[in-house]
Amino acid sequence: MMARLFCEFARGEEGQDLIEYTLLLALVCLGSAALMANTGHSVEHIWRHARKVLRTPLRKEDDD
């Protein structure tokens with residue numbers, strides 16, 4: 001019964017639209033995950049540099 005209901009749903013236009021939107025959402029999620037993975041390294045580098053700069057004492061000539 002469930003298999004027949006699913007087949008009827010998938011054949012209809014509403015089912016096709018739902019599947020297309022689901023695939024599009026999956027593509028957006030995968031793209032976002034890939035961007036976030038690459039962004040993490042950049043953010044880590046920025047924080048490491050900021051920590052290094054904040055720990056370094058100011059020299060007299062830097063005060064100007």
# chains A, B, ... in the order shown; residues from 1 in each chain; ligands from 1
>>> select_by_dssp(residues="chain A", states="alpha helix (DSSP H)", output="PyMOL selection string")
chain A and resi 2-11+13-55
>>> write_last_selection(atoms="N, CA and C atoms", output="compact mmCIF listing (two decimals), in the first residue's frame")
# COMPACT_ATOMS: atom_id res chain seq x y z
N MET A 2 1.88 1.32 0.87
CA MET A 2 2.75 2.49 0.92
C MET A 2 3.54 2.64 -0.37
N ALA A 3 3.99 1.52 -0.94
CA ALA A 3 4.76 1.58 -2.18
C ALA A 3 3.90 2.15 -3.30
N ARG A 4 2.65 1.71 -3.37
CA ARG A 4 1.75 2.22 -4.41
C ARG A 4 1.49 3.71 -4.21
N LEU A 5 1.27 4.11 -2.97
CA LEU A 5 1.03 5.52 -2.67
C LEU A 5 2.24 6.36 -3.04
N PHE A 6 3.43 5.88 -2.74
CA PHE A 6 4.65 6.60 -3.09
C PHE A 6 4.81 6.71 -4.60
N CYS A 7 4.53 5.64 -5.33
CA CYS A 7 4.63 5.67 -6.80
C CYS A 7 3.65 6.66 -7.40
N GLU A 8 2.44 6.69 -6.90
CA GLU A 8 1.45 7.65 -7.39
C GLU A 8 1.89 9.08 -7.07
N PHE A 9 2.46 9.29 -5.92
CA PHE A 9 2.93 10.61 -5.51
C PHE A 9 4.08 11.06 -6.40
N ALA A 10 5.00 10.15 -6.70
CA ALA A 10 6.18 10.47 -7.50
C ALA A 10 5.80 10.74 -8.96
N ARG A 11 4.75 10.12 -9.46
CA ARG A 11 4.32 10.33 -10.84
C ARG A 11 3.62 11.66 -11.04
N GLU A 13 2.69 15.72 -10.69
CA GLU A 13 3.51 16.92 -10.82
C GLU A 13 3.97 17.44 -9.46
N GLU A 14 3.14 17.32 -8.46
CA GLU A 14 3.52 17.77 -7.12
C GLU A 14 4.72 16.98 -6.62
N GLY A 15 4.74 15.70 -6.87
CA GLY A 15 5.86 14.87 -6.45
C GLY A 15 7.14 15.24 -7.17
N GLN A 16 7.02 15.56 -8.45
CA GLN A 16 8.19 15.95 -9.22
C GLN A 16 8.75 17.26 -8.70
N ASP A 17 7.90 18.22 -8.42
CA ASP A 17 8.36 19.50 -7.86
C ASP A 17 9.06 19.29 -6.52
N LEU A 18 8.48 18.46 -5.69
CA LEU A 18 9.05 18.20 -4.37
C LEU A 18 10.43 17.57 -4.50
N ILE A 19 10.58 16.64 -5.42
CA ILE A 19 11.87 15.99 -5.61
C ILE A 19 12.89 16.99 -6.14
N GLU A 20 12.48 17.85 -7.08
CA GLU A 20 13.41 18.84 -7.62
C GLU A 20 13.86 19.81 -6.53
N TYR A 21 12.94 20.29 -5.72
CA TYR A 21 13.31 21.21 -4.64
C TYR A 21 14.20 20.52 -3.60
N THR A 22 13.95 19.26 -3.35
CA THR A 22 14.78 18.51 -2.40
C THR A 22 16.21 18.37 -2.93
N LEU A 23 16.34 18.07 -4.22
CA LEU A 23 17.67 17.96 -4.81
C LEU A 23 18.38 19.31 -4.81
N LEU A 24 17.65 20.37 -5.10
CA LEU A 24 18.24 21.71 -5.06
C LEU A 24 18.70 22.07 -3.66
N LEU A 25 17.89 21.76 -2.66
CA LEU A 25 18.26 22.03 -1.27
C LEU A 25 19.49 21.22 -0.87
N ALA A 26 19.58 19.98 -1.31
CA ALA A 26 20.75 19.15 -1.00
C ALA A 26 22.01 19.75 -1.63
N LEU A 27 21.89 20.25 -2.86
CA LEU A 27 23.03 20.88 -3.52
C LEU A 27 23.48 22.13 -2.78
N VAL A 28 22.53 22.95 -2.34
CA VAL A 28 22.86 24.15 -1.58
C VAL A 28 23.54 23.78 -0.27
N CYS A 29 23.03 22.77 0.42
CA CYS A 29 23.63 22.33 1.69
C CYS A 29 25.06 21.84 1.50
N LEU A 30 25.30 21.07 0.46
CA LEU A 30 26.65 20.57 0.21
C LEU A 30 27.60 21.71 -0.14
N GLY A 31 27.14 22.65 -0.94
CA GLY A 31 27.96 23.80 -1.27
C GLY A 31 28.28 24.63 -0.05
N SER A 32 27.30 24.83 0.81
CA SER A 32 27.52 25.60 2.05
C SER A 32 28.51 24.89 2.96
N ALA A 33 28.38 23.59 3.07
CA ALA A 33 29.31 22.83 3.92
C ALA A 33 30.73 22.93 3.39
N ALA A 34 30.90 22.89 2.07
CA ALA A 34 32.24 23.01 1.48
C ALA A 34 32.82 24.40 1.75
N LEU A 35 32.01 25.43 1.63
CA LEU A 35 32.49 26.79 1.90
C LEU A 35 32.85 26.96 3.37
N MET A 36 32.04 26.42 4.27
CA MET A 36 32.31 26.56 5.70
C MET A 36 33.60 25.83 6.08
N ALA A 37 33.86 24.70 5.47
CA ALA A 37 35.08 23.95 5.77
C ALA A 37 36.30 24.77 5.38
N ASN A 38 36.24 25.45 4.23
CA ASN A 38 37.38 26.26 3.80
C ASN A 38 37.49 27.55 4.60
N THR A 39 36.38 28.10 5.01
CA THR A 39 36.38 29.34 5.78
C THR A 39 36.97 29.14 7.16
N GLY A 40 36.80 27.97 7.73
CA GLY A 40 37.31 27.68 9.07
C GLY A 40 38.81 27.91 9.19
N HIS A 41 39.55 27.53 8.16
CA HIS A 41 41.01 27.70 8.20
C HIS A 41 41.37 29.18 8.14
N SER A 42 40.64 29.95 7.36
CA SER A 42 40.91 31.39 7.26
C SER A 42 40.64 32.09 8.58
N VAL A 43 39.54 31.74 9.21
CA VAL A 43 39.18 32.36 10.49
C VAL A 43 40.21 31.99 11.55
N GLU A 44 40.65 30.76 11.54
CA GLU A 44 41.68 30.33 12.49
C GLU A 44 42.96 31.15 12.29
N HIS A 45 43.34 31.38 11.04
CA HIS A 45 44.55 32.18 10.75
C HIS A 45 44.38 33.61 11.26
N ILE A 46 43.21 34.19 11.06
CA ILE A 46 42.96 35.57 11.52
C ILE A 46 43.08 35.65 13.04
N TRP A 47 42.47 34.71 13.75
CA TRP A 47 42.53 34.73 15.22
C TRP A 47 43.96 34.51 15.71
N ARG A 48 44.70 33.63 15.05
CA ARG A 48 46.09 33.36 15.45
C ARG A 48 46.93 34.62 15.26
N HIS A 49 46.74 35.32 14.15
CA HIS A 49 47.48 36.55 13.90
C HIS A 49 47.10 37.63 14.92
N ALA A 50 45.80 37.77 15.21
CA ALA A 50 45.35 38.78 16.19
C ALA A 50 45.93 38.49 17.56
N ARG A 51 45.96 37.22 17.95
CA ARG A 51 46.53 36.84 19.25
C ARG A 51 48.01 37.18 19.31
N LYS A 52 48.72 36.94 18.19
CA LYS A 52 50.15 37.24 18.14
C LYS A 52 50.39 38.74 18.25
N VAL A 53 49.60 39.53 17.56
CA VAL A 53 49.74 40.99 17.59
C VAL A 53 49.42 41.52 18.98
N LEU A 54 48.39 41.00 19.62
CA LEU A 54 48.00 41.50 20.93
C LEU A 54 49.00 41.12 22.02
N ARG A 55 49.71 40.03 21.84
CA ARG A 55 50.70 39.62 22.83
C ARG A 55 52.02 40.37 22.68
>>> decode(residues="segment 22-54 of chain A", atoms="C-alpha atoms", output="PDB file, in the first residue's frame")
ATOM      1  CA  THR A  22      14.784  18.514  -2.404  1.00  0.00           C
ATOM      2  CA  LEU A  23      17.672  17.958  -4.812  1.00  0.00           C
ATOM      3  CA  LEU A  24      18.244  21.708  -5.065  1.00  0.00           C
ATOM      4  CA  LEU A  25      18.259  22.025  -1.273  1.00  0.00           C
ATOM      5  CA  ALA A  26      20.746  19.151  -1.003  1.00  0.00           C
ATOM      6  CA  LEU A  27      23.032  20.876  -3.519  1.00  0.00           C
ATOM      7  CA  VAL A  28      22.865  24.152  -1.584  1.00  0.00           C
ATOM      8  CA  CYS A  29      23.630  22.333   1.691  1.00  0.00           C
ATOM      9  CA  LEU A  30      26.651  20.568   0.208  1.00  0.00           C
ATOM     10  CA  GLY A  31      27.964  23.804  -1.270  1.00  0.00           C
ATOM     11  CA  SER A  32      27.518  25.596   2.046  1.00  0.00           C
ATOM     12  CA  ALA A  33      29.307  22.827   3.916  1.00  0.00           C
ATOM     13  CA  ALA A  34      32.240  23.014   1.482  1.00  0.00           C
ATOM     14  CA  LEU A  35      32.490  26.786   1.903  1.00  0.00           C
ATOM     15  CA  MET A  36      32.314  26.558   5.696  1.00  0.00           C
ATOM     16  CA  ALA A  37      35.082  23.950   5.772  1.00  0.00           C
ATOM     17  CA  ASN A  38      37.385  26.263   3.798  1.00  0.00           C
ATOM     18  CA  THR A  39      36.381  29.342   5.777  1.00  0.00           C
ATOM     19  CA  GLY A  40      37.313  27.685   9.069  1.00  0.00           C
ATOM     20  CA  HIS A  41      41.007  27.705   8.199  1.00  0.00           C
ATOM     21  CA  SER A  42      40.912  31.389   7.257  1.00  0.00           C
ATOM     22  CA  VAL A  43      39.184  32.363  10.487  1.00  0.00           C
ATOM     23  CA  GLU A  44      41.685  30.335  12.490  1.00  0.00           C
ATOM     24  CA  HIS A  45      44.548  32.175  10.750  1.00  0.00           C
ATOM     25  CA  ILE A  46      42.959  35.566  11.522  1.00  0.00           C
ATOM     26  CA  TRP A  47      42.531  34.732  15.216  1.00  0.00           C
ATOM     27  CA  ARG A  48      46.088  33.362  15.447  1.00  0.00           C
ATOM     28  CA  HIS A  49      47.481  36.555  13.904  1.00  0.00           C
ATOM     29  CA  ALA A  50      45.350  38.777  16.185  1.00  0.00           C
ATOM     30  CA  ARG A  51      46.527  36.840  19.249  1.00  0.00           C
ATOM     31  CA  LYS A  52      50.152  37.235  18.137  1.00  0.00           C
ATOM     32  CA  VAL A  53      49.744  40.986  17.590  1.00  0.00           C
ATOM     33  CA  LEU A  54      48.001  41.503  20.932  1.00  0.00           C
TER      34      LEU A  54
END
